[in-house]
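Let me begin by presenting the structure, written as structure tokens, before commenting on it.
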Amino acid sequence: MVDQASEQQTVDVVVVGAGFSGLYLLQRLRGLGLSAVAFEAADDVGGTWYWNRYPGARCDIPTTDYAYSFDPALEQEWTWSEKYATQPEILAYLQFVTDRYDLRRDIRFSTRVEAAKWDDATSRWRVRTDRGDDVECRFFVMATGCLSLPKKPDIEGADSFAGETYLTGLWPHEGVDFTGKRVAVIGTGSSGIQSIPLIAEQAAQLTVFQRTPNFSIPAGNGPAPEDRLKELAADRDTYREAAKRSRGGIPNEVTEITAAMAPDDVRRQRFESAWSSGELFQILGVFADQGVNPESNQIVAEMIREKIRAVVHDPDTADALCPKDHYFGTKRPCLDTNYYQTFNLPHVRLVDLRKTPITRITETGVESTDDTFDVDAIVFATGFDAMTGPLFAVDIHGHDGLALREKWADGPSTYLGLTSVGFPNFFTITGPGSPSVLSNMAVSIEQHVEWVTDAIAHLRDQGYDVIEPTPTAEAGWNQHVDDCASITLHPTANSWYMGANVPGKPRVFYPYIGGVDSYRAACEEVVDRGYLGFTLSGPAGTQCNDGVVRRIQPDVALVLELMASLNLPPLESMPATDARAFMSMMGAQRPPGPAVAEVVDGELPGAATSLPYRLYRPPTPGPHPVIAYFHGGGWVLGDLDSDDPLCRDICVRCDAVVVSVNYRHAPEDRFPAAADDAFAAAQWIAANATELGGIPGQLAVAGWSAGGNIAAVATQLARDAGGPEIVGQLLLCPVTDSDLSRTSYVENGENYILTKSLMEWFWDHYADPADRTEVKAAPLRGDLTGLPPAVVVTADFDPLRDEGTAYADALAAAGVDVRHIRARGHTHTSLTMVDVVISGAPVRAELTQELRSLFRAPVLS
Ligand SMILES: Cc1cc2nc3c(=O)[nH]c(=O)nc-3n(C[C@H](O)[C@H](O)[C@H](O)COP(=O)(O)OP(=O)(O)OC[C@H]3O[C@@H](n4cnc5c(N)ncnc54)[C@H](O)[C@@H]3O)c2cc1C
């Protein structure tokens, strides 16, 4: 399949870039016996560490971890001198690696790849460079880095300055001496924050122009950390494996402590410990929920602001340095050495561009709206056109001349961040949609390079020569990348992760935030499932296992993982009373749900006995519409507490009084006790609407799971009895039938909390087999004409999905106004996990909006 290097201009693989990624690619490809050439715009290896030679340039991942791990012998031969190595040391390391594996002979330096075109006729790429190379190859790999295209300053007059100008990302090799000079630094991202203290040491006068203050923590640099070195020495393989299976690419303890769970002293102690560690992943993980929960995030952010105020003497300067416009972590936080202290120096001044923006750069310096700054040198620390910039800088065309820039005009579209439909045999190392810049990139790069080279070897070994993702797989991955970002606070920030630093760049979240561990698992699963989502073709024919590798919502997956790790006994193995006690114990640990104006417990007459109810009143002035709510629990479990957070959520979102009714349970009271109680409760609530603070004639019924079952039954009974008037029914993952053979039972009958065997247990407790086809047990089998409008919610990974869908379809067929919401990536229980499963919130927003709209609709007679 793969060509041998028959002539100079034909190789198996063209690699673009000779940084961490390109170098390892060459080493691996050679190991596979493939011919490869790498083109590198610089005149030496190193990538990031070749170009970024500004003062203070260092890594911000401990160097024990920010290094190759593919060869244990290599690790023995290199010793890092510091916890965070300097640019010269990292560059020396990459040069050492290059020489150790004799990689230079496959690299053409000072050569920029300008264009690459796929030829459908030959199934090869043609790659052109600025030095006239015209190379044909089977595989084309962009190892061009995420942060290799510096963003040029977009300030009026930038070219007119007569003094020296520097871009941190293109720093002169001979270094710069600022001694005695008046210097301006524009930009306070990572590069600015690293370089400012050192420039201040030399400059006679330093003016720092800051648009957005960044959170920075002291690096506490020094010798390589003892604890990590010890762990590595004791068991290198375990250490490296732990890094690969970690969230960020560094072995770190992950906390399950949320801010809400921690008393003040614990919060403070956790924060101080992270602060003094000088490690990004520690400060990003003070609380389990700080990346997703605004309140939790603010606690950490405020503690950092306290630290800034404690260091910086001038209160106005301190205030200007305190970030307030973004959540901590939603822009890349920095590690510094004496950054904030620098602003106490008499010759250093901060200009807050939020208050006094730069108007232009002149021949002599910088002009702001209220001052003029004459300087000898300007340092632009203005960042990068990240992730897509270096890819778009090459004119890449795939099938039928499709341009990558065009295909990605509205944002990148990749499968696994590695490949893209329309671009066969094309790979991006750390591309958009992969963990890349959110991770220890050394670990991510190794994983990408190994995946790509393994894929190429697989093709060769199996008699294929072309690999391309399918549209289904790619769309699914894009959705998953978006789902992962959506549950975090990240999309709220104007960050370069979101493309916000480059005018006109699409605002999407570029990297994959699901974690190095989950990402690696997805990549491995793709391979294990026969290159799921890829079409492989060649002399051996064509193979395609189409599909989506991650369909479940990421936070739902976490809950499932957690539940699996607890190894809990199945509920159906317990007597009902024990199962109830167990559920109460589990429920006690949940967040409480939103605050409501009032909660009142009372009793109402049921079909046979009085029933406890709990009324939730929304914070707005009444009277309100009323919702009679019936909890889930398979007619056996559940009570007023079990669905309390959900009831609060529905109450606030619907702006309605919710009356949650604790109907009788099986096995003590079997079929049709629960259904009869639901109907009786609806009658009583309707009759007492005014006393309850409700609007007469504005009653809806709602229920989840078995509660949805009896809500549906009560609605049918109300229609048959000529009242009470019900304006709408909300059926959340309802039981509508007793047929347990539907496809969703086959697909989702195990592993998603509500199992088929648990449903069988519920039915056995509730109803005799002969009763299960009764309409009061299986409302799907009833007459559905003349029913009030319904909001039916089904979840992808619910055994009950298909009977919910069947009910929605049957209602529609019977002429009922139905809004069917399909909760993508959710399980039977996940939508009800208020403030735990964040991805459930938009679904609840949608379903409550639909329900709310029914209250305004004309009342059915
Ligand atoms: C200042 C700075 C500090 C960083 N610190 C860390 C850190 O502490 N930890 C971490 O994980 N990551 C860090 N990063 C991210 C860093 O980019 C990666 O860790 C890693 O170095 C990327 O390696 P790479 O080979 O993928 O890309 P790069 O190192 O960016 O190399 C890409 C190479 O491709 C070349 N190239 C691009 N386009 C072309 C073309 N068309 N033709 C020919 N050649 C081309 C470039 O010249 C460059 O040499 C940092 C980045 C910066 C800018």
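Chain lettering (A, B, ...) mirrors the order of the structure tokens, residue numbering begins at 1 for each chain separately, and ligand numbering begins at 1 in order of display.
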*Please write out the residues within 7 Å of ligand 1 as a VMD selection string, counting only C-alpha atoms and all ligand atoms.*
chain A and resid 16 to 22 39 to 42 45 to 50 52 57 to 61 66 111 to 114 143 to 148 169 191 390 393 to 394 429 to 430 437 439 to 442 445
_Non-local contacts of region 490-497 of chain A (7 Å; only C-alpha atoms; under 3 positions in same chain excluded) as a PyMOL selection string_ = chain A and resi 326+330-331+386+485-486+500-501+509-511
Can I get the selected residues back with all heavy atoms, as a PDB file, in the first residue's frame?
```pdb
ATOM      1  N   HIS A 326     -14.270  37.812  33.726  1.00  0.00           N
ATOM      2  CA  HIS A 326     -14.402  36.416  33.291  1.00  0.00           C
ATOM      3  C   HIS A 326     -14.200  35.488  34.485  1.00  0.00           C
ATOM      4  O   HIS A 326     -13.551  35.850  35.461  1.00  0.00           O
ATOM      5  CB  HIS A 326     -13.412  36.082  32.166  1.00  0.00           C
ATOM      6  CG  HIS A 326     -11.963  36.175  32.555  1.00  0.00           C
ATOM      7  ND1 HIS A 326     -11.273  37.361  32.581  1.00  0.00           N
ATOM      8  CD2 HIS A 326     -11.082  35.230  32.927  1.00  0.00           C
ATOM      9  CE1 HIS A 326     -10.012  37.144  32.954  1.00  0.00           C
ATOM     10  NE2 HIS A 326      -9.877  35.852  33.171  1.00  0.00           N
ATOM     11  N   THR A 330     -11.523  30.370  32.655  1.00  0.00           N
ATOM     12  CA  THR A 330     -12.148  30.409  31.328  1.00  0.00           C
ATOM     13  C   THR A 330     -11.237  31.084  30.313  1.00  0.00           C
ATOM     14  O   THR A 330     -11.458  30.972  29.111  1.00  0.00           O
ATOM     15  CB  THR A 330     -13.511  31.124  31.355  1.00  0.00           C
ATOM     16  OG1 THR A 330     -13.319  32.442  31.888  1.00  0.00           O
ATOM     17  CG2 THR A 330     -14.510  30.366  32.200  1.00  0.00           C
ATOM     18  N   LYS A 331     -10.256  31.844  30.815  1.00  0.00           N
ATOM     19  CA  LYS A 331      -9.126  32.252  29.973  1.00  0.00           C
ATOM     20  C   LYS A 331      -7.936  31.531  30.565  1.00  0.00           C
ATOM     21  O   LYS A 331      -7.914  31.262  31.776  1.00  0.00           O
ATOM     22  CB  LYS A 331      -8.891  33.743  30.068  1.00  0.00           C
ATOM     23  CG  LYS A 331      -9.971  34.549  29.401  1.00  0.00           C
ATOM     24  CD  LYS A 331      -9.625  36.001  29.418  1.00  0.00           C
ATOM     25  CE  LYS A 331     -10.525  36.723  28.435  1.00  0.00           C
ATOM     26  NZ  LYS A 331      -9.927  37.944  27.943  1.00  0.00           N
ATOM     27  N   ALA A 386      -4.871  31.239  17.383  1.00  0.00           N
ATOM     28  CA  ALA A 386      -4.654  29.883  17.907  1.00  0.00           C
ATOM     29  C   ALA A 386      -5.405  28.809  17.120  1.00  0.00           C
ATOM     30  O   ALA A 386      -6.472  29.054  16.567  1.00  0.00           O
ATOM     31  CB  ALA A 386      -5.088  29.832  19.371  1.00  0.00           C
ATOM     32  N   ALA A 485     -18.194  21.558  26.217  1.00  0.00           N
ATOM     33  CA  ALA A 485     -17.931  22.962  26.523  1.00  0.00           C
ATOM     34  C   ALA A 485     -19.164  23.618  27.137  1.00  0.00           C
ATOM     35  O   ALA A 485     -19.057  24.449  28.045  1.00  0.00           O
ATOM     36  CB  ALA A 485     -17.511  23.700  25.259  1.00  0.00           C
ATOM     37  N   SER A 486     -20.339  23.214  26.655  1.00  0.00           N
ATOM     38  CA  SER A 486     -21.576  23.900  27.065  1.00  0.00           C
ATOM     39  C   SER A 486     -21.870  23.764  28.547  1.00  0.00           C
ATOM     40  O   SER A 486     -22.561  24.607  29.116  1.00  0.00           O
ATOM     41  CB  SER A 486     -22.777  23.343  26.296  1.00  0.00           C
ATOM     42  OG  SER A 486     -22.588  23.572  24.948  1.00  0.00           O
ATOM     43  N   ALA A 500     -11.971  34.617  20.348  1.00  0.00           N
ATOM     44  CA  ALA A 500     -12.404  36.010  20.528  1.00  0.00           C
ATOM     45  C   ALA A 500     -11.296  37.025  20.313  1.00  0.00           C
ATOM     46  O   ALA A 500     -11.570  38.216  20.184  1.00  0.00           O
ATOM     47  CB  ALA A 500     -12.987  36.181  21.927  1.00  0.00           C
ATOM     48  N   ASN A 501     -10.028  36.566  20.275  1.00  0.00           N
ATOM     49  CA  ASN A 501      -8.931  37.542  20.153  1.00  0.00           C
ATOM     50  C   ASN A 501      -8.630  37.906  18.703  1.00  0.00           C
ATOM     51  O   ASN A 501      -7.796  38.759  18.445  1.00  0.00           O
ATOM     52  CB  ASN A 501      -7.657  36.993  20.824  1.00  0.00           C
ATOM     53  CG  ASN A 501      -7.126  35.757  20.116  1.00  0.00           C
ATOM     54  OD1 ASN A 501      -7.896  34.983  19.567  1.00  0.00           O
ATOM     55  ND2 ASN A 501      -5.828  35.584  20.114  1.00  0.00           N
ATOM     56  N   PHE A 509     -16.048  27.014  20.762  1.00  0.00           N
ATOM     57  CA  PHE A 509     -14.997  26.581  21.677  1.00  0.00           C
ATOM     58  C   PHE A 509     -14.095  25.617  20.913  1.00  0.00           C
ATOM     59  O   PHE A 509     -14.539  24.541  20.510  1.00  0.00           O
ATOM     60  CB  PHE A 509     -15.615  25.941  22.922  1.00  0.00           C
ATOM     61  CG  PHE A 509     -14.624  25.777  24.026  1.00  0.00           C
ATOM     62  CD1 PHE A 509     -14.143  26.886  24.707  1.00  0.00           C
ATOM     63  CD2 PHE A 509     -14.143  24.531  24.376  1.00  0.00           C
ATOM     64  CE1 PHE A 509     -13.202  26.758  25.722  1.00  0.00           C
ATOM     65  CE2 PHE A 509     -13.212  24.386  25.383  1.00  0.00           C
ATOM     66  CZ  PHE A 509     -12.743  25.502  26.055  1.00  0.00           C
ATOM     67  N   TYR A 510     -12.861  25.987  20.716  1.00  0.00           N
ATOM     68  CA  TYR A 510     -11.984  25.247  19.799  1.00  0.00           C
ATOM     69  C   TYR A 510     -11.438  23.931  20.366  1.00  0.00           C
ATOM     70  O   TYR A 510     -11.464  22.922  19.691  1.00  0.00           O
ATOM     71  CB  TYR A 510     -10.841  26.158  19.309  1.00  0.00           C
ATOM     72  CG  TYR A 510     -11.324  27.174  18.288  1.00  0.00           C
ATOM     73  CD1 TYR A 510     -12.096  28.277  18.670  1.00  0.00           C
ATOM     74  CD2 TYR A 510     -11.070  27.007  16.937  1.00  0.00           C
ATOM     75  CE1 TYR A 510     -12.577  29.184  17.739  1.00  0.00           C
ATOM     76  CE2 TYR A 510     -11.542  27.913  15.987  1.00  0.00           C
ATOM     77  CZ  TYR A 510     -12.296  29.001  16.391  1.00  0.00           C
ATOM     78  OH  TYR A 510     -12.780  29.894  15.472  1.00  0.00           O
ATOM     79  N   PRO A 511     -10.927  23.926  21.594  1.00  0.00           N
ATOM     80  CA  PRO A 511     -10.392  22.639  22.064  1.00  0.00           C
ATOM     81  C   PRO A 511     -11.475  21.737  22.663  1.00  0.00           C
ATOM     82  O   PRO A 511     -12.611  22.168  22.856  1.00  0.00           O
ATOM     83  CB  PRO A 511      -9.387  23.056  23.148  1.00  0.00           C
ATOM     84  CG  PRO A 511      -9.738  24.437  23.544  1.00  0.00           C
ATOM     85  CD  PRO A 511     -10.626  25.041  22.496  1.00  0.00           C
TER      86      PRO A 511
END
```
*Using only C-alpha atoms, determine which residues lie at most 10 Å from Thr832 (chain A), disregarding the query and same-chain residues fewer than 2 positions distant; provide the list as a VMD selection string.*
chain A and resid 632 643 to 647 649 704 732 827 to 830 834 to 837 840 to 841 844
*asked:* Can you pull out the residues contacting Ala377 (chain A)? Cut-off 8 Å, using only C-alpha atoms, and skip same-chain residues under 3 positions away; I want them as a PyMOL selection string.
replied: chain A and resi 163-166+181-184
*Which parts of region 642-822 of chain A does DSSP call strand (DSSP E or B) when run on the backbone here, written out as an MDAnalysis selection string?*
chainID A and resid 657:661 694:704 728:732 790:797 818:822
*For Leu335 (chain A), which of A:Ser110, A:Thr317, A:Ser216, A:Leu438 is the closest residue, counting only C-alpha atoms?*
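Distance minimum relative to Leu335 (chain A) lands on A:Ser216.
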_List the spatial neighbours of Gly749 (chain A) as a VMD selection string - criterion: any atom at most 12 Å away, only C-alpha atoms, same-chain residues fewer than 3 positions off excluded._
chain A and resid 740 to 746 752 to 760 796 to 802 827 to 828
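Non-sequential neighbours of Gly723 (chain A) (distance at most 12 Å, separation of 4 or more positions within a chain, only C-alpha atoms) are Phe679, Ala680, Ala682, Gln683, Trp684, Ile685, Ala686, Ala687, Gly697, Leu699, Ala714, Thr715, Gln716, Leu717, Ala718, Arg719, Val727, Leu787, Pro788, Leu860 and Ser861 of chain A.
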Keeping only all heavy atoms, write the selected residues as a compact mmCIF listing (two decimals), in the first residue's frame.
```txt
# COMPACT_ATOMS: atom_id res chain seq x y z
N PHE A 679 -55.78 10.73 40.37
CA PHE A 679 -57.01 11.36 39.89
C PHE A 679 -57.71 12.11 41.02
O PHE A 679 -58.12 13.27 40.86
CB PHE A 679 -57.93 10.30 39.28
CG PHE A 679 -59.22 10.85 38.76
CD1 PHE A 679 -59.25 11.99 37.94
CD2 PHE A 679 -60.44 10.25 39.10
CE1 PHE A 679 -60.45 12.51 37.47
CE2 PHE A 679 -61.64 10.76 38.62
CZ PHE A 679 -61.64 11.90 37.82
N ALA A 680 -57.77 11.47 42.19
CA ALA A 680 -58.42 12.11 43.34
C ALA A 680 -57.68 13.40 43.71
O ALA A 680 -58.30 14.43 44.02
CB ALA A 680 -58.43 11.15 44.53
N ALA A 682 -55.87 15.30 41.76
CA ALA A 682 -56.10 16.33 40.75
C ALA A 682 -57.46 16.99 40.98
O ALA A 682 -57.61 18.22 40.86
CB ALA A 682 -56.02 15.72 39.35
N GLN A 683 -58.44 16.16 41.35
CA GLN A 683 -59.78 16.72 41.60
C GLN A 683 -59.74 17.71 42.77
O GLN A 683 -60.28 18.81 42.70
CB GLN A 683 -60.76 15.58 41.95
CG GLN A 683 -61.19 14.77 40.74
CD GLN A 683 -62.05 13.58 41.16
OE1 GLN A 683 -61.65 12.78 42.00
NE2 GLN A 683 -63.23 13.48 40.56
N TRP A 684 -59.08 17.28 43.83
CA TRP A 684 -59.05 18.13 45.03
C TRP A 684 -58.27 19.43 44.77
O TRP A 684 -58.70 20.51 45.16
CB TRP A 684 -58.39 17.36 46.19
CG TRP A 684 -58.39 18.17 47.47
CD1 TRP A 684 -59.40 18.26 48.38
CD2 TRP A 684 -57.34 19.03 47.94
NE1 TRP A 684 -59.06 19.10 49.40
CE2 TRP A 684 -57.79 19.60 49.16
CE3 TRP A 684 -56.08 19.37 47.46
CZ2 TRP A 684 -57.02 20.48 49.89
CZ3 TRP A 684 -55.31 20.25 48.20
CH2 TRP A 684 -55.77 20.81 49.40
N ILE A 685 -57.15 19.31 44.06
CA ILE A 685 -56.33 20.50 43.79
C ILE A 685 -57.12 21.48 42.92
O ILE A 685 -57.13 22.69 43.16
CB ILE A 685 -54.99 20.09 43.12
CG1 ILE A 685 -54.14 19.30 44.11
CG2 ILE A 685 -54.22 21.33 42.64
CD1 ILE A 685 -52.96 18.58 43.48
N ALA A 686 -57.84 20.94 41.92
CA ALA A 686 -58.64 21.82 41.06
C ALA A 686 -59.72 22.52 41.88
O ALA A 686 -59.95 23.73 41.72
CB ALA A 686 -59.26 21.01 39.93
N ALA A 687 -60.34 21.76 42.76
CA ALA A 687 -61.44 22.33 43.55
C ALA A 687 -60.94 23.37 44.55
O ALA A 687 -61.69 24.26 44.96
CB ALA A 687 -62.18 21.21 44.28
N GLY A 697 -59.07 26.81 37.02
CA GLY A 697 -59.11 26.52 35.58
C GLY A 697 -57.75 26.51 34.92
O GLY A 697 -57.64 26.32 33.72
N LEU A 699 -55.04 24.35 35.69
CA LEU A 699 -54.38 23.21 36.32
C LEU A 699 -53.71 22.33 35.26
O LEU A 699 -54.33 21.99 34.25
CB LEU A 699 -55.40 22.35 37.09
CG LEU A 699 -54.88 21.02 37.64
CD1 LEU A 699 -53.90 21.23 38.79
CD2 LEU A 699 -56.04 20.12 38.11
N ALA A 714 -54.49 9.89 35.08
CA ALA A 714 -55.39 10.87 35.72
C ALA A 714 -56.01 11.79 34.66
O ALA A 714 -57.19 12.16 34.74
CB ALA A 714 -54.64 11.68 36.78
N THR A 715 -55.22 12.14 33.66
CA THR A 715 -55.71 13.01 32.60
C THR A 715 -56.82 12.32 31.81
O THR A 715 -57.84 12.93 31.47
CB THR A 715 -54.55 13.42 31.67
OG1 THR A 715 -53.48 13.88 32.47
CG2 THR A 715 -54.96 14.51 30.70
N GLN A 716 -56.60 11.04 31.53
CA GLN A 716 -57.64 10.29 30.81
C GLN A 716 -58.91 10.15 31.66
O GLN A 716 -60.04 10.31 31.16
CB GLN A 716 -57.12 8.91 30.41
CG GLN A 716 -56.00 8.96 29.37
CD GLN A 716 -55.66 7.56 28.82
OE1 GLN A 716 -56.45 6.63 28.90
NE2 GLN A 716 -54.47 7.44 28.24
N LEU A 717 -58.71 9.90 32.96
CA LEU A 717 -59.87 9.76 33.85
C LEU A 717 -60.64 11.07 33.96
O LEU A 717 -61.87 11.09 33.99
CB LEU A 717 -59.41 9.29 35.25
CG LEU A 717 -58.79 7.88 35.31
CD1 LEU A 717 -58.27 7.59 36.72
CD2 LEU A 717 -59.81 6.82 34.90
N ALA A 718 -59.89 12.18 33.99
CA ALA A 718 -60.54 13.49 34.09
C ALA A 718 -61.36 13.77 32.84
O ALA A 718 -62.48 14.30 32.91
CB ALA A 718 -59.48 14.58 34.29
N ARG A 719 -60.80 13.40 31.71
CA ARG A 719 -61.58 13.58 30.47
C ARG A 719 -62.86 12.77 30.52
O ARG A 719 -63.95 13.28 30.22
CB ARG A 719 -60.74 13.15 29.27
CG ARG A 719 -61.49 13.19 27.94
CD ARG A 719 -60.91 12.21 26.94
NE ARG A 719 -60.80 10.87 27.50
CZ ARG A 719 -60.07 9.90 27.00
NH1 ARG A 719 -59.34 10.10 25.92
NH2 ARG A 719 -60.03 8.70 27.57
N VAL A 727 -55.35 21.67 31.78
CA VAL A 727 -54.95 22.43 30.58
C VAL A 727 -53.73 21.84 29.89
O VAL A 727 -53.44 22.17 28.75
CB VAL A 727 -54.68 23.92 30.89
CG1 VAL A 727 -55.93 24.59 31.42
CG2 VAL A 727 -53.52 24.10 31.86
N LEU A 787 -57.87 14.59 24.66
CA LEU A 787 -57.02 14.87 25.83
C LEU A 787 -56.39 16.26 25.70
O LEU A 787 -56.22 16.78 24.60
CB LEU A 787 -55.92 13.81 25.94
CG LEU A 787 -56.40 12.41 26.34
CD1 LEU A 787 -55.25 11.40 26.26
CD2 LEU A 787 -57.00 12.42 27.75
N PRO A 788 -56.02 16.85 26.83
CA PRO A 788 -55.39 18.17 26.76
C PRO A 788 -53.99 18.09 26.15
O PRO A 788 -53.40 17.00 26.08
CB PRO A 788 -55.31 18.60 28.23
CG PRO A 788 -55.40 17.34 29.01
CD PRO A 788 -56.20 16.38 28.19
N LEU A 860 -59.36 24.27 27.71
CA LEU A 860 -60.24 23.31 27.03
C LEU A 860 -61.55 23.19 27.78
O LEU A 860 -61.58 23.22 29.01
CB LEU A 860 -59.57 21.94 26.97
CG LEU A 860 -58.36 21.80 26.05
CD1 LEU A 860 -57.88 20.36 26.09
CD2 LEU A 860 -58.72 22.18 24.62
N SER A 861 -62.61 23.04 27.04
CA SER A 861 -63.88 22.88 27.76
C SER A 861 -64.09 21.39 28.00
O SER A 861 -63.46 20.55 27.39
CB SER A 861 -65.00 23.46 26.93
OG SER A 861 -65.03 22.80 25.68
```
*Which residues, written as a VMD selection string, have at least one atom at most 10 Å from Thr620 (chain A), with only C-alpha atoms counted and residues fewer than 5 positions away on the same chain left out?*
chain A and resid 596 to 597 652 655 to 656
Write out, as a short mmCIF file (atom, residue, chain, number, x, y, z; two decimals), in the first residue's frame, the residues just selected, with C-alpha atoms.
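Result file part23.cif:
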```cif
data_model
loop_
_atom_site.label_atom_id
_atom_site.label_comp_id
_atom_site.auth_asym_id
_atom_site.auth_seq_id
_atom_site.Cartn_x
_atom_site.Cartn_y
_atom_site.Cartn_z
CA VAL A 596 -38.83 29.12 46.08
CA ALA A 597 -40.95 31.65 47.98
CA VAL A 652 -39.50 28.52 39.47
CA ASP A 655 -43.81 30.37 37.59
CA ALA A 656 -46.51 28.07 38.89
#
```
_DSSP alpha helix (DSSP H) residues within region 233-480 of chain A, as a PyMOL selection string_ = chain A and resi 233-234+236-244+264-277+280-283+294-311+315-321+339-342+389-392+404-407+441-462+471-480
How would the residues just chosen look if you wrote them out with C-alpha atoms as a short mmCIF file (atom, residue, chain, number, x, y, z; two decimals), in the first residue's frame?
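After the write, selection-v4.cif holds the following:
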```cif
data_model
loop_
_atom_site.label_atom_id
_atom_site.label_comp_id
_atom_site.auth_asym_id
_atom_site.auth_seq_id
_atom_site.Cartn_x
_atom_site.Cartn_y
_atom_site.Cartn_z
CA ALA A 233 11.93 7.14 40.16
CA ALA A 234 9.88 4.65 42.14
CA ARG A 236 8.06 5.44 36.07
CA ASP A 237 5.60 3.36 34.07
CA THR A 238 2.79 3.80 36.57
CA TYR A 239 3.47 7.52 36.75
CA ARG A 240 3.40 7.99 32.99
CA GLU A 241 0.31 5.84 32.66
CA ALA A 242 -1.42 7.92 35.33
CA ALA A 243 -0.62 11.05 33.31
CA LYS A 244 -2.18 9.51 30.22
CA ASP A 264 -14.92 28.19 55.10
CA ASP A 265 -11.78 26.82 56.72
CA VAL A 266 -11.66 23.89 54.31
CA ARG A 267 -12.17 26.23 51.36
CA ARG A 268 -9.33 28.43 52.54
CA GLN A 269 -7.03 25.53 53.26
CA ARG A 270 -7.67 23.94 49.85
CA PHE A 271 -7.08 27.24 48.10
CA GLU A 272 -3.87 28.07 49.99
CA SER A 273 -2.48 24.65 49.31
CA ALA A 274 -3.18 25.00 45.56
CA TRP A 275 -1.81 28.55 45.56
CA SER A 276 1.45 27.53 47.17
CA SER A 277 1.84 24.50 44.89
CA LEU A 280 -2.06 25.29 37.19
CA PHE A 281 -4.01 22.08 37.51
CA GLN A 282 -4.04 22.44 41.30
CA ILE A 283 -5.51 25.92 41.27
CA PRO A 294 -20.44 30.32 38.97
CA GLU A 295 -20.67 30.57 42.77
CA SER A 296 -17.92 28.07 43.33
CA ASN A 297 -15.77 29.78 40.72
CA GLN A 298 -16.26 33.16 42.34
CA ILE A 299 -14.96 31.85 45.65
CA VAL A 300 -11.65 30.88 44.06
CA ALA A 301 -11.54 34.04 41.93
CA GLU A 302 -12.08 36.26 44.93
CA MET A 303 -9.33 34.54 46.90
CA ILE A 304 -6.95 35.21 44.00
CA ARG A 305 -8.05 38.85 43.86
CA GLU A 306 -7.33 39.08 47.60
CA LYS A 307 -3.80 37.88 46.89
CA ILE A 308 -3.35 40.49 44.16
CA ARG A 309 -4.58 43.28 46.44
CA ALA A 310 -2.25 42.08 49.19
CA VAL A 311 0.79 42.37 46.91
CA PRO A 315 -5.16 50.32 45.35
CA ASP A 316 -6.12 51.62 41.89
CA THR A 317 -3.41 49.60 40.20
CA ALA A 318 -4.36 46.55 42.26
CA ASP A 319 -7.97 46.98 41.29
CA ALA A 320 -7.09 47.29 37.62
CA LEU A 321 -5.02 44.10 37.84
CA TYR A 339 4.49 39.70 38.15
CA TYR A 340 2.27 41.62 40.56
CA GLN A 341 5.29 42.78 42.61
CA THR A 342 6.64 44.47 39.49
CA GLY A 389 -4.45 29.99 12.29
CA PRO A 390 -1.48 27.78 11.33
CA LEU A 391 -3.77 25.37 9.46
CA PHE A 392 -5.39 28.11 7.40
CA LEU A 404 -10.20 23.61 4.38
CA ARG A 405 -10.67 27.32 5.01
CA GLU A 406 -14.03 27.18 3.27
CA LYS A 407 -15.20 24.04 4.99
CA MET A 441 0.61 19.02 25.40
CA ALA A 442 3.55 16.67 25.58
CA VAL A 443 1.16 13.91 26.64
CA SER A 444 -1.48 14.91 24.11
CA ILE A 445 1.04 15.13 21.28
CA GLU A 446 2.40 11.67 22.01
CA GLN A 447 -1.09 10.23 22.04
CA HIS A 448 -1.98 11.91 18.75
CA VAL A 449 1.21 10.89 17.03
CA GLU A 450 0.78 7.32 18.18
CA TRP A 451 -2.85 7.21 17.05
CA VAL A 452 -2.02 8.61 13.62
CA THR A 453 0.98 6.39 13.00
CA ASP A 454 -0.90 3.34 14.27
CA ALA A 455 -3.73 4.17 11.86
CA ILE A 456 -1.28 4.43 8.96
CA ALA A 457 0.29 1.11 9.94
CA HIS A 458 -3.16 -0.47 10.22
CA LEU A 459 -4.03 0.66 6.70
CA ARG A 460 -0.82 -0.77 5.34
CA ASP A 461 -1.22 -4.06 7.18
CA GLN A 462 -4.84 -4.51 6.14
CA PRO A 471 -20.11 12.82 8.08
CA THR A 472 -22.08 11.04 10.83
CA ALA A 473 -19.01 10.45 12.96
CA GLU A 474 -17.75 13.98 12.48
CA ALA A 475 -21.09 15.61 13.25
CA GLY A 476 -21.34 13.44 16.36
CA TRP A 477 -17.88 14.44 17.52
CA ASN A 478 -18.53 18.14 16.92
CA GLN A 479 -21.70 17.80 18.95
CA HIS A 480 -19.82 16.06 21.74
#
```
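The shortest atom-to-atom distance to Gly398 (chain A), with only C-alpha atoms taken into account, belongs to A:Arg126 out of A:Arg670, A:Arg126, A:Arg108, A:Arg824.
One distance worth recording is that between CA of Arg332 (chain A) and CA of Leu345 (chain A), which is 26.1 Å.
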